[in-house]
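Student: The structure is given below, and queries will be raised subsequently.
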Amino acid sequence: MSIDISKYKNAIVLNHPLITHKITQLRDKATKTNQFRLLVKEVTILEGYEALRHLPTYNVAIETPVEPTVQPVVNRKALCFVPILRAGLGMADGMAELVPGATFGHIGLYRDEVTHQPVEYYCKLPQNISEKDVYLIDPMLATGGSAIDSVKMLKAHGAQKITFICIIAAPEGVKAFCETYPDIPLYIGALDRCLNEDAYICPGLGDCGDRTFGTVVVEK
């Protein structure tokens, strides 16, 4: 049964040709680890540019070569990027390049190979997380379990404003996430066809963590 995600207003699929081009390269099983890692960073920068459109700013006084002026700058202290370990680490450099000086938190989850459900093993967040705009990042949104549990953890620690960014999503994951958190913006680089019987995204790109960190020669 096909899933129509158009009714989920918080799901934004970024149909940008540069993002699509780079994701095609990510999908290719011939893409080597070093190039894969670089592509993840590049896609993250392109997606982050869109997702960070409403960043908080404040005014500072500067002098141009012509005259004094007051101009806006990004409030870096108001931001927190939170990758879901371990694959989300591949996106961290891209977000840091966009906003140097932003704070980071980390959430550790892994997927049980039998139940396909997320299992928590680590959570480290800034103490003032409630005061920050939080951007949760993970390359793959498959069943939605890891993203949903990560948001639950963020909320339990006081996070108020959360955005989720992924590179590839399955319709099943989008449905689960958006029905659980209809108020949280979800930015998607590419929407794929479906999940297979092993809960892998099709056509997908395999195990993003393994391919980012070179722990397998060929993805599953």
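To be explicit about the labels: the chains of the structure tokens are called A, B, and onward in the order shown, and within each one the residues are counted from 1, while ligands get numbers from 1 in the order they are shown.
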Could you tell me, as a compact mmCIF listing (two decimals) with all heavy atoms, in the first residue's frame, which residues of segment 46-195 of chain A DSSP assigns to alpha helix (DSSP H) when given the backbone?

Tutor:
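part.txt written:
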```
# COMPACT_ATOMS: atom_id res chain seq x y z
N LEU A 46 24.04 21.61 1.96
CA LEU A 46 22.95 22.07 1.09
C LEU A 46 21.60 22.00 1.80
O LEU A 46 20.77 22.92 1.70
CB LEU A 46 22.92 21.24 -0.19
CG LEU A 46 24.10 21.43 -1.15
CD1 LEU A 46 24.08 20.39 -2.24
CD2 LEU A 46 24.08 22.84 -1.76
N GLU A 47 21.36 20.92 2.52
CA GLU A 47 20.11 20.79 3.26
C GLU A 47 20.07 21.78 4.43
O GLU A 47 19.03 22.38 4.71
CB GLU A 47 19.94 19.37 3.78
CG GLU A 47 19.62 18.35 2.72
CD GLU A 47 19.10 17.07 3.33
OE1 GLU A 47 18.02 17.10 3.96
OE2 GLU A 47 19.77 16.02 3.19
N GLY A 48 21.20 21.90 5.11
CA GLY A 48 21.25 22.80 6.25
C GLY A 48 20.97 24.24 5.86
O GLY A 48 20.32 24.97 6.61
N TYR A 49 21.43 24.64 4.68
CA TYR A 49 21.18 25.99 4.18
C TYR A 49 19.68 26.28 4.16
O TYR A 49 19.23 27.37 4.54
CB TYR A 49 21.77 26.15 2.79
CG TYR A 49 21.48 27.48 2.13
CD1 TYR A 49 22.24 28.60 2.44
CD2 TYR A 49 20.45 27.61 1.21
CE1 TYR A 49 21.96 29.83 1.85
CE2 TYR A 49 20.17 28.82 0.61
CZ TYR A 49 20.94 29.93 0.94
OH TYR A 49 20.66 31.13 0.34
N GLU A 50 18.89 25.29 3.74
CA GLU A 50 17.43 25.46 3.69
C GLU A 50 16.82 25.37 5.08
O GLU A 50 15.95 26.17 5.44
CB GLU A 50 16.82 24.41 2.77
CG GLU A 50 17.20 24.54 1.31
CD GLU A 50 16.67 25.83 0.69
OE1 GLU A 50 15.64 26.35 1.17
OE2 GLU A 50 17.29 26.32 -0.26
N ALA A 51 17.26 24.39 5.86
CA ALA A 51 16.66 24.17 7.18
C ALA A 51 16.96 25.30 8.16
O ALA A 51 16.18 25.55 9.08
CB ALA A 51 17.15 22.85 7.75
N LEU A 89 27.03 11.34 12.85
CA LEU A 89 28.32 12.04 12.94
C LEU A 89 28.81 12.48 11.57
O LEU A 89 29.52 13.48 11.46
CB LEU A 89 29.36 11.13 13.59
CG LEU A 89 29.23 10.91 15.10
CD1 LEU A 89 30.26 9.89 15.57
CD2 LEU A 89 29.39 12.22 15.86
N GLY A 90 28.45 11.74 10.54
CA GLY A 90 28.87 12.11 9.19
C GLY A 90 28.30 13.45 8.74
O GLY A 90 28.86 14.11 7.86
N MET A 91 27.17 13.86 9.34
CA MET A 91 26.54 15.13 9.00
C MET A 91 27.02 16.27 9.87
O MET A 91 26.78 17.44 9.56
CB MET A 91 25.01 15.00 9.11
CG MET A 91 24.41 13.94 8.21
SD MET A 91 22.62 13.74 8.47
CE MET A 91 21.99 15.29 7.78
N ALA A 92 27.70 15.96 10.97
CA ALA A 92 28.08 16.98 11.95
C ALA A 92 29.02 18.01 11.36
O ALA A 92 28.89 19.22 11.62
CB ALA A 92 28.69 16.33 13.18
N ASP A 93 30.01 17.58 10.57
CA ASP A 93 30.97 18.52 10.00
C ASP A 93 30.29 19.52 9.07
O ASP A 93 30.68 20.70 9.03
CB ASP A 93 32.06 17.77 9.23
CG ASP A 93 33.09 17.14 10.15
OD1 ASP A 93 33.09 17.45 11.35
OD2 ASP A 93 33.91 16.33 9.66
N GLY A 94 29.31 19.07 8.33
CA GLY A 94 28.60 19.96 7.42
C GLY A 94 27.86 21.05 8.18
O GLY A 94 27.90 22.23 7.80
N MET A 95 27.19 20.68 9.27
CA MET A 95 26.48 21.67 10.06
C MET A 95 27.45 22.62 10.75
O MET A 95 27.20 23.84 10.82
CB MET A 95 25.59 20.97 11.10
CG MET A 95 24.53 20.05 10.51
SD MET A 95 23.41 20.86 9.34
CE MET A 95 22.42 21.86 10.43
N ALA A 96 28.58 22.09 11.23
CA ALA A 96 29.58 22.93 11.88
C ALA A 96 30.19 23.92 10.90
O ALA A 96 30.56 25.03 11.29
CB ALA A 96 30.66 22.06 12.53
N GLU A 97 30.33 23.51 9.65
CA GLU A 97 30.89 24.42 8.65
C GLU A 97 29.93 25.56 8.35
O GLU A 97 30.34 26.69 8.10
CB GLU A 97 31.22 23.65 7.37
CG GLU A 97 31.96 24.49 6.35
CD GLU A 97 32.70 23.64 5.32
OE1 GLU A 97 33.35 22.66 5.72
OE2 GLU A 97 32.62 23.99 4.14
N LEU A 98 28.63 25.27 8.40
CA LEU A 98 27.64 26.31 8.17
C LEU A 98 27.62 27.32 9.32
O LEU A 98 27.53 28.53 9.09
CB LEU A 98 26.24 25.69 8.03
CG LEU A 98 25.87 25.13 6.66
CD1 LEU A 98 24.55 24.37 6.75
CD2 LEU A 98 25.76 26.24 5.63
N GLY A 145 11.71 4.98 14.04
CA GLY A 145 11.86 4.69 15.46
C GLY A 145 12.96 5.47 16.13
O GLY A 145 12.76 6.03 17.23
N SER A 146 14.14 5.53 15.52
CA SER A 146 15.27 6.24 16.12
C SER A 146 14.99 7.73 16.24
O SER A 146 15.29 8.36 17.27
CB SER A 146 16.54 6.00 15.31
OG SER A 146 16.94 4.66 15.38
N ALA A 147 14.42 8.31 15.19
CA ALA A 147 14.13 9.74 15.21
C ALA A 147 13.07 10.06 16.26
O ALA A 147 13.19 11.05 17.00
CB ALA A 147 13.66 10.20 13.83
N ILE A 148 12.03 9.26 16.33
CA ILE A 148 10.96 9.47 17.31
C ILE A 148 11.50 9.36 18.73
O ILE A 148 11.21 10.21 19.59
CB ILE A 148 9.81 8.47 17.07
CG1 ILE A 148 9.07 8.82 15.77
CG2 ILE A 148 8.84 8.45 18.26
CD1 ILE A 148 8.09 7.77 15.31
N ASP A 149 12.30 8.33 19.00
CA ASP A 149 12.86 8.16 20.34
C ASP A 149 13.85 9.27 20.68
O ASP A 149 13.93 9.72 21.84
CB ASP A 149 13.55 6.80 20.45
CG ASP A 149 12.56 5.68 20.73
OD1 ASP A 149 11.34 5.92 20.60
OD2 ASP A 149 13.00 4.57 21.06
N SER A 150 14.61 9.74 19.68
CA SER A 150 15.56 10.83 19.92
C SER A 150 14.84 12.12 20.28
O SER A 150 15.28 12.85 21.19
CB SER A 150 16.44 11.04 18.68
OG SER A 150 17.26 9.93 18.44
N VAL A 151 13.75 12.41 19.60
CA VAL A 151 12.97 13.60 19.95
C VAL A 151 12.40 13.46 21.36
O VAL A 151 12.39 14.42 22.14
CB VAL A 151 11.84 13.84 18.92
CG1 VAL A 151 10.90 14.94 19.41
CG2 VAL A 151 12.42 14.21 17.56
N LYS A 152 11.96 12.27 21.69
CA LYS A 152 11.44 12.03 23.03
C LYS A 152 12.52 12.32 24.09
O LYS A 152 12.24 12.94 25.12
CB LYS A 152 10.96 10.58 23.15
CG LYS A 152 10.27 10.25 24.47
CD LYS A 152 9.92 8.77 24.55
CE LYS A 152 9.01 8.34 23.41
NZ LYS A 152 8.62 6.91 23.53
N MET A 153 13.75 11.90 23.79
CA MET A 153 14.86 12.16 24.71
C MET A 153 15.16 13.65 24.80
O MET A 153 15.40 14.19 25.89
CB MET A 153 16.10 11.39 24.25
CG MET A 153 15.95 9.87 24.37
SD MET A 153 17.20 8.96 23.43
CE MET A 153 18.69 9.40 24.33
N LEU A 154 15.14 14.33 23.66
CA LEU A 154 15.38 15.78 23.66
C LEU A 154 14.33 16.51 24.48
O LEU A 154 14.64 17.40 25.28
CB LEU A 154 15.39 16.30 22.22
CG LEU A 154 16.59 15.92 21.35
CD1 LEU A 154 16.33 16.32 19.90
CD2 LEU A 154 17.86 16.59 21.87
N LYS A 155 13.08 16.14 24.29
CA LYS A 155 12.00 16.77 25.04
C LYS A 155 12.11 16.49 26.54
O LYS A 155 11.84 17.36 27.37
CB LYS A 155 10.64 16.30 24.51
CG LYS A 155 10.25 16.90 23.15
CD LYS A 155 8.93 16.35 22.67
CE LYS A 155 8.45 17.07 21.41
NZ LYS A 155 7.96 18.43 21.69
N ALA A 156 12.52 15.26 26.87
CA ALA A 156 12.68 14.91 28.28
C ALA A 156 13.75 15.75 28.95
O ALA A 156 13.69 16.00 30.17
CB ALA A 156 13.01 13.43 28.41
N PRO A 171 8.74 6.46 3.02
CA PRO A 171 7.41 6.97 3.35
C PRO A 171 6.90 6.47 4.70
O PRO A 171 6.24 7.21 5.44
CB PRO A 171 6.54 6.45 2.20
CG PRO A 171 7.48 6.25 1.07
CD PRO A 171 8.78 5.81 1.69
N GLU A 172 7.25 5.22 5.04
CA GLU A 172 6.82 4.67 6.32
C GLU A 172 7.37 5.47 7.50
O GLU A 172 6.69 5.72 8.49
CB GLU A 172 7.26 3.20 6.45
CG GLU A 172 6.61 2.26 5.46
CD GLU A 172 7.41 2.10 4.15
OE1 GLU A 172 8.15 3.04 3.80
OE2 GLU A 172 7.29 1.05 3.51
N GLY A 173 8.64 5.87 7.38
CA GLY A 173 9.26 6.66 8.43
C GLY A 173 8.69 8.06 8.53
O GLY A 173 8.51 8.59 9.62
N VAL A 174 8.44 8.66 7.37
CA VAL A 174 7.84 10.00 7.35
C VAL A 174 6.47 9.96 8.01
O VAL A 174 6.13 10.82 8.83
CB VAL A 174 7.73 10.53 5.90
CG1 VAL A 174 7.00 11.87 5.88
CG2 VAL A 174 9.10 10.66 5.27
N LYS A 175 5.67 8.97 7.67
CA LYS A 175 4.33 8.83 8.26
C LYS A 175 4.42 8.69 9.78
O LYS A 175 3.72 9.39 10.52
CB LYS A 175 3.63 7.60 7.67
CG LYS A 175 2.24 7.32 8.21
CD LYS A 175 1.62 6.12 7.50
CE LYS A 175 0.18 5.89 7.94
NZ LYS A 175 0.09 5.45 9.35
N ALA A 176 5.30 7.79 10.25
CA ALA A 176 5.42 7.56 11.69
C ALA A 176 5.88 8.82 12.41
O ALA A 176 5.34 9.18 13.47
CB ALA A 176 6.38 6.40 11.94
N PHE A 177 6.89 9.50 11.85
CA PHE A 177 7.44 10.69 12.50
C PHE A 177 6.42 11.82 12.52
O PHE A 177 6.20 12.44 13.57
CB PHE A 177 8.72 11.15 11.79
CG PHE A 177 9.40 12.29 12.47
CD1 PHE A 177 10.33 12.07 13.47
CD2 PHE A 177 9.12 13.61 12.13
CE1 PHE A 177 10.96 13.12 14.12
CE2 PHE A 177 9.73 14.67 12.77
CZ PHE A 177 10.66 14.43 13.77
N CYS A 178 5.81 12.09 11.38
CA CYS A 178 4.91 13.24 11.27
C CYS A 178 3.62 13.03 12.06
O CYS A 178 3.03 14.00 12.57
CB CYS A 178 4.59 13.53 9.81
SG CYS A 178 6.00 14.14 8.87
N GLU A 179 3.18 11.80 12.18
CA GLU A 179 1.98 11.55 12.98
C GLU A 179 2.28 11.62 14.47
O GLU A 179 1.40 11.94 15.27
CB GLU A 179 1.37 10.20 12.61
CG GLU A 179 0.74 10.21 11.22
CD GLU A 179 0.05 8.90 10.87
OE1 GLU A 179 0.14 7.93 11.65
OE2 GLU A 179 -0.60 8.87 9.80
N THR A 180 3.54 11.36 14.85
CA THR A 180 3.93 11.48 16.25
C THR A 180 4.25 12.92 16.61
O THR A 180 3.87 13.40 17.69
CB THR A 180 5.16 10.60 16.54
OG1 THR A 180 4.89 9.25 16.14
CG2 THR A 180 5.50 10.60 18.03
```

Student: Quick one: DSSP strand (DSSP E) residues in segment 44-130 of chain A, as number ranges by chain?

Tutor: A: 57-63, 68-74, 79-85, 103-104, 106-111, 118-124

Student: Considering only C-alpha atoms, can you say which of A:His54, A:Arg27, A:Arg76, A:His16 comes closest to Val40 of chain A?

Tutor: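 Using only C-alpha atoms, the shortest distance to Val40 of chain A belongs to A:Arg27.
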
Student: Need to verify the contact set: Pro182 of chain A, 9 Å, only C-alpha atoms, exclusion of same-chain residues closer than 5 positions in sequence. Can you return it as a PyMOL selection string?

Tutor: chain A and resi 8-11+177

Student: With only C-alpha atoms as the counted atoms, please give the residues lying no more than 12 Å from His21 of chain A, apart from itself and same-chain residues fewer than 5 positions off, as a CSV table (one decimal) with N, CA, C and O atoms, in the first residue's frame.

Tutor:
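Result file is part-v5.csv:
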```csv
chain,number,residue,atom,x,y,z
A,15,ASN,N,13.6,19.1,-3.2
A,15,ASN,CA,13.9,18.6,-4.6
A,15,ASN,C,14.8,19.6,-5.3
A,15,ASN,O,14.4,20.2,-6.3
A,16,HIS,N,16.0,19.7,-4.8
A,16,HIS,CA,17.0,20.5,-5.4
A,16,HIS,C,17.9,19.7,-6.3
A,16,HIS,O,18.4,18.6,-5.9
A,26,LEU,N,25.9,9.1,-3.7
A,26,LEU,CA,25.9,8.4,-2.4
A,26,LEU,C,25.3,7.0,-2.6
A,26,LEU,O,25.8,6.0,-2.0
A,27,ARG,N,24.3,6.9,-3.4
A,27,ARG,CA,23.6,5.6,-3.6
A,27,ARG,C,24.6,4.6,-4.3
A,27,ARG,O,24.4,3.4,-4.0
A,28,ASP,N,25.4,5.0,-5.1
A,28,ASP,CA,26.3,4.1,-6.0
A,28,ASP,C,27.2,3.3,-5.1
A,28,ASP,O,28.0,3.8,-4.3
A,39,LEU,N,30.7,13.5,0.4
A,39,LEU,CA,29.3,13.7,-0.2
A,39,LEU,C,28.3,13.9,0.9
A,39,LEU,O,27.4,14.8,0.8
A,42,GLU,N,28.7,17.4,2.0
A,42,GLU,CA,28.2,18.4,1.0
A,42,GLU,C,26.7,18.4,1.0
A,42,GLU,O,26.1,19.5,0.9
A,43,VAL,N,26.0,17.3,1.1
A,43,VAL,CA,24.6,17.2,1.1
A,43,VAL,C,24.0,17.9,2.3
A,43,VAL,O,23.0,18.6,2.3
A,46,LEU,N,24.0,21.6,2.0
A,46,LEU,CA,22.9,22.1,1.1
A,46,LEU,C,21.6,22.0,1.8
A,46,LEU,O,20.8,22.9,1.7
A,189,GLY,N,16.2,15.1,2.1
A,189,GLY,CA,16.9,15.3,0.9
A,189,GLY,C,16.3,14.5,-0.3
A,189,GLY,O,16.2,15.0,-1.4
A,190,ALA,N,15.9,13.3,0.0
A,190,ALA,CA,15.3,12.4,-1.1
A,190,ALA,C,14.3,11.5,-0.4
A,190,ALA,O,14.5,10.9,0.6
```

Student: Report, in Å with one decimal, the straight-line distance from atom CA of Lys41 of chain A to atom CA of Gln71 of chain A.

Tutor: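 Computing the Euclidean distance for atom CA of Lys41 of chain A and atom CA of Gln71 of chain A yields 29.4 Å.
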
Student: Write out as a list in words which residues come within 6 Å of Gly108 of chain A when counting only C-alpha atoms, dropping same-chain ones fewer than 4 positions away.

Tutor: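 These residues fall inside the cut-off: Ile84, Leu85, Glu120, Tyr121 and Tyr122 of chain A.
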
Student: Grab the residues selected above and save them as a JSON list (two decimals), in the first residue's frame with C-alpha atoms.

Tutor:
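File out37.json, as written:
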```json
[["chain", "number", "residue", "atom", "x", "y", "z"],
["A", 84, "ILE", "CA", 22.21, 10.49, 16.24],
["A", 85, "LEU", "CA", 25.21, 8.18, 16.65],
["A", 120, "GLU", "CA", 19.45, 3.81, 23.58],
["A", 121, "TYR", "CA", 23.03, 3.70, 24.83],
["A", 122, "TYR", "CA", 24.18, 7.35, 25.13]]
```

Student: Report the distance between atom CA of Gln117 of chain A and atom CA of Asp198 of chain A in Å, rounded to one decimal place.

Tutor: 11.6 Å

Student: Using only C-alpha atoms, which of A:Val119, A:Cys80, A:Ala102, A:Ala199 sits nearest Leu136 of chain A?

Tutor: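 Between A:Val119, A:Cys80, A:Ala102, A:Ala199, the residue approaching Leu136 of chain A most closely is A:Cys80.
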
Student: Using only C-alpha atoms, which residues sit within 9 Å of Leu191 of chain A once same-chain residues fewer than 4 positions away are excluded, as a list in words?

Tutor: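 So, after excluding close chain neighbours, the residues are Val13, Ile167, Ile168, Ala169, Ala170, Pro171 and Val174 of chain A.
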
Student: Smallest atom-to-atom distance to Ala30 of chain A: which of A:Leu205, A:Cys194, A:Ala78, A:Leu55, using only C-alpha atoms?

Tutor: A:Leu205

Student: Nearest residue to Pro203 of chain A out of A:Val60, A:Leu186, A:Leu38, A:Ile23, using only C-alpha atoms?

Tutor: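 Result for the nearest residue to Pro203 of chain A: A:Ile23.
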